[in-house]
$ cat input.cif   # mmCIF, C-alpha atoms
data_start
#
loop_
_atom_site.label_atom_id
_atom_site.label_comp_id
_atom_site.auth_asym_id
_atom_site.auth_seq_id
_atom_site.Cartn_x
_atom_site.Cartn_y
_atom_site.Cartn_z
CA MET A 1 86.38 82.05 69.02
CA ARG A 2 89.72 81.11 70.54
CA ILE A 3 89.73 78.32 73.12
CA ALA A 4 92.44 78.37 75.80
CA ALA A 5 94.66 75.31 75.98
CA ILE A 6 94.22 73.11 79.00
CA ARG A 7 97.14 73.60 81.31
CA ARG A 8 98.01 71.68 84.44
CA PRO A 9 98.01 74.02 87.47
CA GLU A 10 101.47 74.65 88.90
CA ARG A 11 102.15 74.44 92.62
CA GLU A 12 103.07 77.87 94.00
CA ARG A 13 105.25 78.23 97.09
CA ILE A 14 103.96 80.93 99.45
CA ILE A 15 106.30 82.65 101.91
CA SER A 16 104.55 84.54 104.72
CA ASP A 17 105.42 88.13 105.47
CA PRO A 18 108.13 88.50 108.16
CA GLY A 19 106.66 88.27 111.67
CA SER A 20 103.26 87.13 110.37
CA CYS A 21 101.30 83.96 109.63
CA LEU A 22 99.97 85.48 106.42
CA ARG A 23 101.13 87.09 103.21
CA SER A 24 99.61 90.26 101.82
CA LYS A 25 100.57 91.56 98.42
CA ARG A 26 99.25 94.08 95.90
CA PHE A 27 99.82 93.09 92.27
CA ARG A 28 99.92 95.71 89.49
CA MET A 29 100.41 94.65 85.90
CA GLU A 30 99.26 95.31 82.36
CA ARG A 31 96.87 92.33 82.59
CA PHE A 32 96.34 89.17 84.61
CA PRO A 33 97.88 86.31 82.62
CA PHE A 34 96.27 82.87 82.39
CA ASN A 35 98.36 81.17 85.08
CA PRO A 36 96.50 78.30 86.78
CA HIS A 37 98.15 77.44 90.09
CA HIS A 38 97.43 76.05 93.54
CA HIS A 39 98.95 76.11 97.01
CA PRO A 40 97.95 74.71 100.41
CA GLU A 41 97.28 78.20 101.76
CA ILE A 42 93.84 79.80 101.72
CA GLU A 43 93.59 82.86 99.48
CA LEU A 44 91.43 85.97 99.71
CA THR A 45 91.62 88.02 96.50
CA LEU A 46 90.25 91.47 95.69
CA ILE A 47 90.29 92.76 92.12
CA GLU A 48 90.83 96.52 92.23
CA ARG A 49 91.24 97.09 88.46
CA GLY A 50 90.74 94.96 85.39
CA SER A 51 88.18 92.47 84.12
CA GLY A 52 88.17 89.05 82.54
CA VAL A 53 87.51 85.46 83.57
CA ARG A 54 88.09 83.99 87.03
CA SER A 55 88.57 80.21 87.23
CA VAL A 56 88.38 78.52 90.63
CA GLY A 57 88.30 74.74 90.66
CA MET A 58 85.99 73.71 87.84
CA ALA A 59 84.00 76.97 87.81
CA SER A 60 84.68 79.97 85.56
CA GLU A 61 82.94 83.34 85.88
CA ALA A 62 83.42 86.89 84.68
CA TYR A 63 85.05 89.30 87.14
CA GLY A 64 85.59 93.03 87.37
CA PRO A 65 86.64 95.68 89.88
CA GLY A 66 85.37 94.92 93.38
CA ASP A 67 85.35 91.15 92.85
CA VAL A 68 86.29 89.42 96.13
CA VAL A 69 86.76 85.65 96.38
CA LEU A 70 87.89 83.28 99.13
CA VAL A 71 89.65 80.24 97.63
CA GLY A 72 90.29 77.06 99.62
CA GLY A 73 93.68 75.40 99.96
CA ASP A 74 95.07 73.41 97.01
CA VAL A 75 92.22 74.53 94.76
CA PRO A 76 93.46 75.39 91.24
CA HIS A 77 92.67 79.01 90.38
CA THR A 78 93.57 81.89 88.10
CA TRP A 79 92.30 85.30 87.04
CA SER A 80 92.97 86.14 83.41
CA SER A 81 92.28 89.24 81.38
CA PRO A 82 92.82 90.32 77.79
CA ALA A 83 95.70 92.61 76.86
CA GLY A 84 95.16 96.32 76.41
CA GLN A 85 92.87 97.04 79.33
CA PRO A 86 92.75 100.74 80.17
CA GLY A 87 94.46 101.25 83.54
CA GLY A 88 95.86 97.73 83.58
CA ALA A 89 95.08 95.14 86.24
CA GLN A 90 95.49 95.38 90.00
CA SER A 91 94.64 93.04 92.85
CA VAL A 92 95.22 92.55 96.56
CA VAL A 93 95.94 88.96 97.58
CA ILE A 94 95.94 87.71 101.18
CA GLN A 95 97.20 84.16 101.77
CA PHE A 96 97.20 82.26 105.07
CA PRO A 97 97.57 78.67 106.32
CA ALA A 98 94.47 76.48 106.61
CA GLY A 99 95.42 75.49 110.17
CA LEU A 100 95.56 79.11 111.27
CA LEU A 101 93.65 78.59 114.53
CA GLY A 102 95.00 75.13 115.33
CA ASP A 103 92.73 73.02 117.50
CA VAL A 104 90.61 75.68 119.21
CA PRO A 105 86.80 75.18 119.12
CA GLU A 106 86.34 78.27 116.92
CA ALA A 107 88.43 76.56 114.24
CA ARG A 108 85.56 74.15 113.53
CA ARG A 109 83.47 77.00 112.09
CA LEU A 110 86.47 78.22 110.12
CA ASP A 111 86.93 74.70 108.74
CA GLU A 112 83.28 74.68 107.56
CA ILE A 113 83.79 77.97 105.73
CA LEU A 114 87.00 76.69 104.14
CA VAL A 115 85.30 73.52 102.91
CA ARG A 116 82.80 75.75 101.09
CA ALA A 117 85.73 77.84 99.78
CA ARG A 118 86.95 74.84 97.79
CA LEU A 119 84.48 76.04 95.16
CA GLY A 120 85.37 79.69 95.70
CA LEU A 121 83.17 81.97 97.78
CA ALA A 122 82.36 85.28 96.12
CA GLY A 123 81.88 88.19 98.50
CA PRO A 124 79.52 91.15 98.22
CA PRO A 125 80.88 94.57 97.15
CA ALA A 126 81.31 95.57 100.83
CA ALA A 127 83.88 92.76 101.22
CA ALA A 128 86.43 94.83 99.29
CA ALA A 129 86.88 97.06 102.35
CA LEU A 130 87.68 94.00 104.50
CA VAL A 131 90.48 92.89 102.17
CA THR A 132 91.90 96.40 101.91
CA ALA A 133 91.85 96.73 105.71
CA ILE A 134 93.91 93.55 106.08
CA HIS A 135 96.44 94.72 103.52
CA ASP A 136 96.71 98.23 104.96
CA ALA A 137 97.10 97.16 108.61
CA VAL A 138 100.67 97.73 109.82
CA ASP A 139 100.47 95.92 113.16
CA PRO A 140 100.59 92.09 112.67
CA LEU A 141 98.03 91.47 115.42
CA GLN A 142 95.66 93.99 113.82
CA ARG A 143 96.13 92.26 110.45
CA LEU A 144 95.26 88.91 112.01
CA ALA A 145 92.14 90.35 113.69
CA ARG A 146 90.99 91.86 110.39
CA LEU A 147 91.64 88.57 108.60
CA LEU A 148 89.46 86.71 111.10
CA GLU A 149 86.74 89.35 110.62
CA ALA A 150 86.85 88.82 106.85
CA VAL A 151 86.74 85.03 107.13
CA ALA A 152 83.83 85.24 109.59
CA ALA A 153 81.99 87.47 107.08
CA ALA A 154 82.66 84.84 104.38
CA ALA A 155 80.29 82.47 106.20
CA ALA A 156 77.44 84.42 104.51
CA TRP A 157 79.06 84.49 101.04
CA ARG A 158 78.06 82.23 98.14
#
$ encode --input "input.cif" --output "structure tokens"
Amino acid sequence: MRIAAIRRPERERIISDPGSCLRSKRFRMERFPFNPHHHPEIELTLIERGSGVRSVGMASEAYGPGDVVLVGGDVPHTWSSPAGQPGGAQSVVIQFPAGLLGDVPEARRLDEILVRARLGLAGPPAAAALVTAIHDAVDPLQRLARLLEAVAAAAAWR
């Protein structure tokens, strides 16, 4: 059995999409490398292809296609997979600032969800459609509305 070396998470700099408060990106690669990192932005990740081990904070779990996780800001995380996976690895990653709603009363509920996301909140299989809808939305206001819908749904995730 090979044990991975402990590696200090690197700080990643996130640049939002033009005209938007969030970043949405689809990653396609041969495999997900072991690359622990953190950033102040909240992250919503959908695994479309590939399997391996997901590490969020101090927790590590197996993942596969359809895995959806909400990760809190500045929480170290990585998805890693072995080489040679048929079809490679593919994910959709949505990143947005923790202070997205500012000081409106609704932000208090969002803050509660994000505190729970410090441990990583895994969504049900139906959550994959929420992440895809955010990524596929062309209109920035529609993307924001879909993001808020996904975060509201995360209140029921574990």
$ closest_residue --input "input.cif" --among "A:Ala129, A:Ala156, A:Leu22, A:Ala98" --to "A:Arg143" --atoms "only C-alpha atoms"
A:Leu22
$ closest_residue --input "input.cif" --among "A:Ala83, A:Ala89, A:Leu46, A:Met29" --to "A:Val131" --atoms "only C-alpha atoms"
A:Leu46
$ residues_around --input "input.cif" --residues "A:Glu10" --least-positions-apart "4" --cutoff "7 Å" --atoms "all atoms listed in the file" --output "short mmCIF file (atom, residue, chain, number, x, y, z; two decimals) with C-alpha atoms, keeping the file's coordinate frame"
data_model
loop_
_atom_site.label_atom_id
_atom_site.label_comp_id
_atom_site.auth_asym_id
_atom_site.auth_seq_id
_atom_site.Cartn_x
_atom_site.Cartn_y
_atom_site.Cartn_z
CA PRO A 36 96.50 78.30 86.78
CA HIS A 37 98.15 77.44 90.09
CA HIS A 38 97.43 76.05 93.54
#
$ atom_distance --input "input.cif" --atom1 "atom CA of A:Ile94" --atom2 "atom CA of A:Pro65"
16.7 Å
$ resolve_selection --input "input.cif" --expression "the PyMOL selection byres ((chain A and resi 51) around 8)" --output "JSON, numbers by chain"
{"A": [49, 50, 52, 53, 62, 63, 64, 65, 80, 81, 89]}
$ resolve_selection --input "input.cif" --expression "the PyMOL selection byres ((chain A and resi 67-76) around 7)" --output "PyMOL selection string"
chain A and resi 9+36-47+56-57+63-66+77+98+114-115+117-118+120-123+127-128
$ atom_distance --input "input.cif" --atom1 "atom CA of A:Glu149" --atom2 "atom CA of A:Leu130"
7.7 Å
$ closest_residue --input "input.cif" --among "A:Phe27, A:Ala155, A:Pro18, A:Arg11" --to "A:Gln90" --atoms "only C-alpha atoms"
A:Phe27
$ atom_distance --input "input.cif" --atom1 "atom CA of A:Ala152" --atom2 "atom CA of A:Ser60"
24.6 Å
$ closest_residue --input "input.cif" --among "A:Arg54, A:Ser16, A:Arg8, A:Gly84" --to "A:Pro97" --atoms "all atoms listed in the file"
A:Ser16
$ resolve_selection --input "input.cif" --expression "the PyMOL selection byres ((chain A and resi 20) around 12)" --output "list in words"
Ile15, Ser16, Asp17, Pro18, Gly19, Cys21, Leu22, Arg23, Ser24, Ile94, Gln95, Phe96, Pro97, Leu100, Ala137, Val138, Asp139, Pro140, Leu141, Gln142, Arg143, Leu144 and Leu147 of chain A
$ closest_residue --input "input.cif" --among "A:Val93, A:Glu12, A:Trp79, A:Pro33" --to "A:Asp136" --atoms "only C-alpha atoms"
A:Val93
$ closest_residue --input "input.cif" --among "A:Ala150, A:Met58, A:Ala107, A:Ile14" --to "A:Thr132" --atoms "all atoms listed in the file"
A:Ala150
$ build_atoms --input "input.cif" --residues "stretch 12-31 of chain A" --atoms "N, CA and C atoms" --output "PDB file, in the coordinates of the input"
ATOM      1  N   GLU A  12     102.384  76.636  93.632  1.00  0.00           N
ATOM      2  CA  GLU A  12     103.070  77.870  94.000  1.00  0.00           C
ATOM      3  C   GLU A  12     103.529  77.752  95.454  1.00  0.00           C
ATOM      4  N   ARG A  13     104.727  78.210  95.722  1.00  0.00           N
ATOM      5  CA  ARG A  13     105.250  78.230  97.090  1.00  0.00           C
ATOM      6  C   ARG A  13     105.001  79.620  97.671  1.00  0.00           C
ATOM      7  N   ILE A  14     104.297  79.672  98.804  1.00  0.00           N
ATOM      8  CA  ILE A  14     103.960  80.930  99.450  1.00  0.00           C
ATOM      9  C   ILE A  14     104.884  81.130 100.655  1.00  0.00           C
ATOM     10  N   ILE A  15     105.465  82.293 100.753  1.00  0.00           N
ATOM     11  CA  ILE A  15     106.300  82.650 101.910  1.00  0.00           C
ATOM     12  C   ILE A  15     105.585  83.777 102.639  1.00  0.00           C
ATOM     13  N   SER A  16     105.262  83.540 103.918  1.00  0.00           N
ATOM     14  CA  SER A  16     104.550  84.540 104.720  1.00  0.00           C
ATOM     15  C   SER A  16     105.401  85.786 104.893  1.00  0.00           C
ATOM     16  N   ASP A  17     104.722  86.894 105.158  1.00  0.00           N
ATOM     17  CA  ASP A  17     105.420  88.130 105.470  1.00  0.00           C
ATOM     18  C   ASP A  17     106.209  87.948 106.765  1.00  0.00           C
ATOM     19  N   PRO A  18     107.344  88.626 106.928  1.00  0.00           N
ATOM     20  CA  PRO A  18     108.130  88.500 108.160  1.00  0.00           C
ATOM     21  C   PRO A  18     107.288  88.856 109.391  1.00  0.00           C
ATOM     22  N   GLY A  19     107.373  88.013 110.425  1.00  0.00           N
ATOM     23  CA  GLY A  19     106.660  88.270 111.670  1.00  0.00           C
ATOM     24  C   GLY A  19     105.164  88.071 111.577  1.00  0.00           C
ATOM     25  N   SER A  20     104.697  87.300 110.579  1.00  0.00           N
ATOM     26  CA  SER A  20     103.260  87.130 110.370  1.00  0.00           C
ATOM     27  C   SER A  20     102.960  85.717 109.886  1.00  0.00           C
ATOM     28  N   CYS A  21     101.722  85.272 110.127  1.00  0.00           N
ATOM     29  CA  CYS A  21     101.300  83.960 109.630  1.00  0.00           C
ATOM     30  C   CYS A  21     100.675  84.085 108.240  1.00  0.00           C
ATOM     31  N   LEU A  22     100.600  85.302 107.722  1.00  0.00           N
ATOM     32  CA  LEU A  22      99.970  85.480 106.420  1.00  0.00           C
ATOM     33  C   LEU A  22     100.859  86.285 105.478  1.00  0.00           C
ATOM     34  N   ARG A  23     100.448  86.296 104.237  1.00  0.00           N
ATOM     35  CA  ARG A  23     101.130  87.090 103.210  1.00  0.00           C
ATOM     36  C   ARG A  23     100.099  88.018 102.598  1.00  0.00           C
ATOM     37  N   SER A  24     100.479  89.266 102.435  1.00  0.00           N
ATOM     38  CA  SER A  24      99.610  90.260 101.820  1.00  0.00           C
ATOM     39  C   SER A  24     100.395  90.967 100.738  1.00  0.00           C
ATOM     40  N   LYS A  25      99.837  90.972  99.532  1.00  0.00           N
ATOM     41  CA  LYS A  25     100.570  91.560  98.420  1.00  0.00           C
ATOM     42  C   LYS A  25      99.595  92.249  97.461  1.00  0.00           C
ATOM     43  N   ARG A  26     100.016  93.393  96.940  1.00  0.00           N
ATOM     44  CA  ARG A  26      99.250  94.080  95.900  1.00  0.00           C
ATOM     45  C   ARG A  26      99.980  93.839  94.574  1.00  0.00           C
ATOM     46  N   PHE A  27      99.255  93.339  93.591  1.00  0.00           N
ATOM     47  CA  PHE A  27      99.820  93.090  92.270  1.00  0.00           C
ATOM     48  C   PHE A  27      99.325  94.153  91.307  1.00  0.00           C
ATOM     49  N   ARG A  28     100.252  94.760  90.552  1.00  0.00           N
ATOM     50  CA  ARG A  28      99.920  95.710  89.490  1.00  0.00           C
ATOM     51  C   ARG A  28     100.608  95.235  88.219  1.00  0.00           C
ATOM     52  N   MET A  29      99.844  95.116  87.159  1.00  0.00           N
ATOM     53  CA  MET A  29     100.410  94.650  85.900  1.00  0.00           C
ATOM     54  C   MET A  29      99.533  95.108  84.740  1.00  0.00           C
ATOM     55  N   GLU A  30     100.026  94.911  83.543  1.00  0.00           N
ATOM     56  CA  GLU A  30      99.260  95.310  82.360  1.00  0.00           C
ATOM     57  C   GLU A  30      97.959  94.507  82.278  1.00  0.00           C
ATOM     58  N   ARG A  31      98.033  93.216  82.608  1.00  0.00           N
ATOM     59  CA  ARG A  31      96.870  92.330  82.590  1.00  0.00           C
ATOM     60  C   ARG A  31      97.170  91.137  83.475  1.00  0.00           C
TER      61      ARG A  31
END
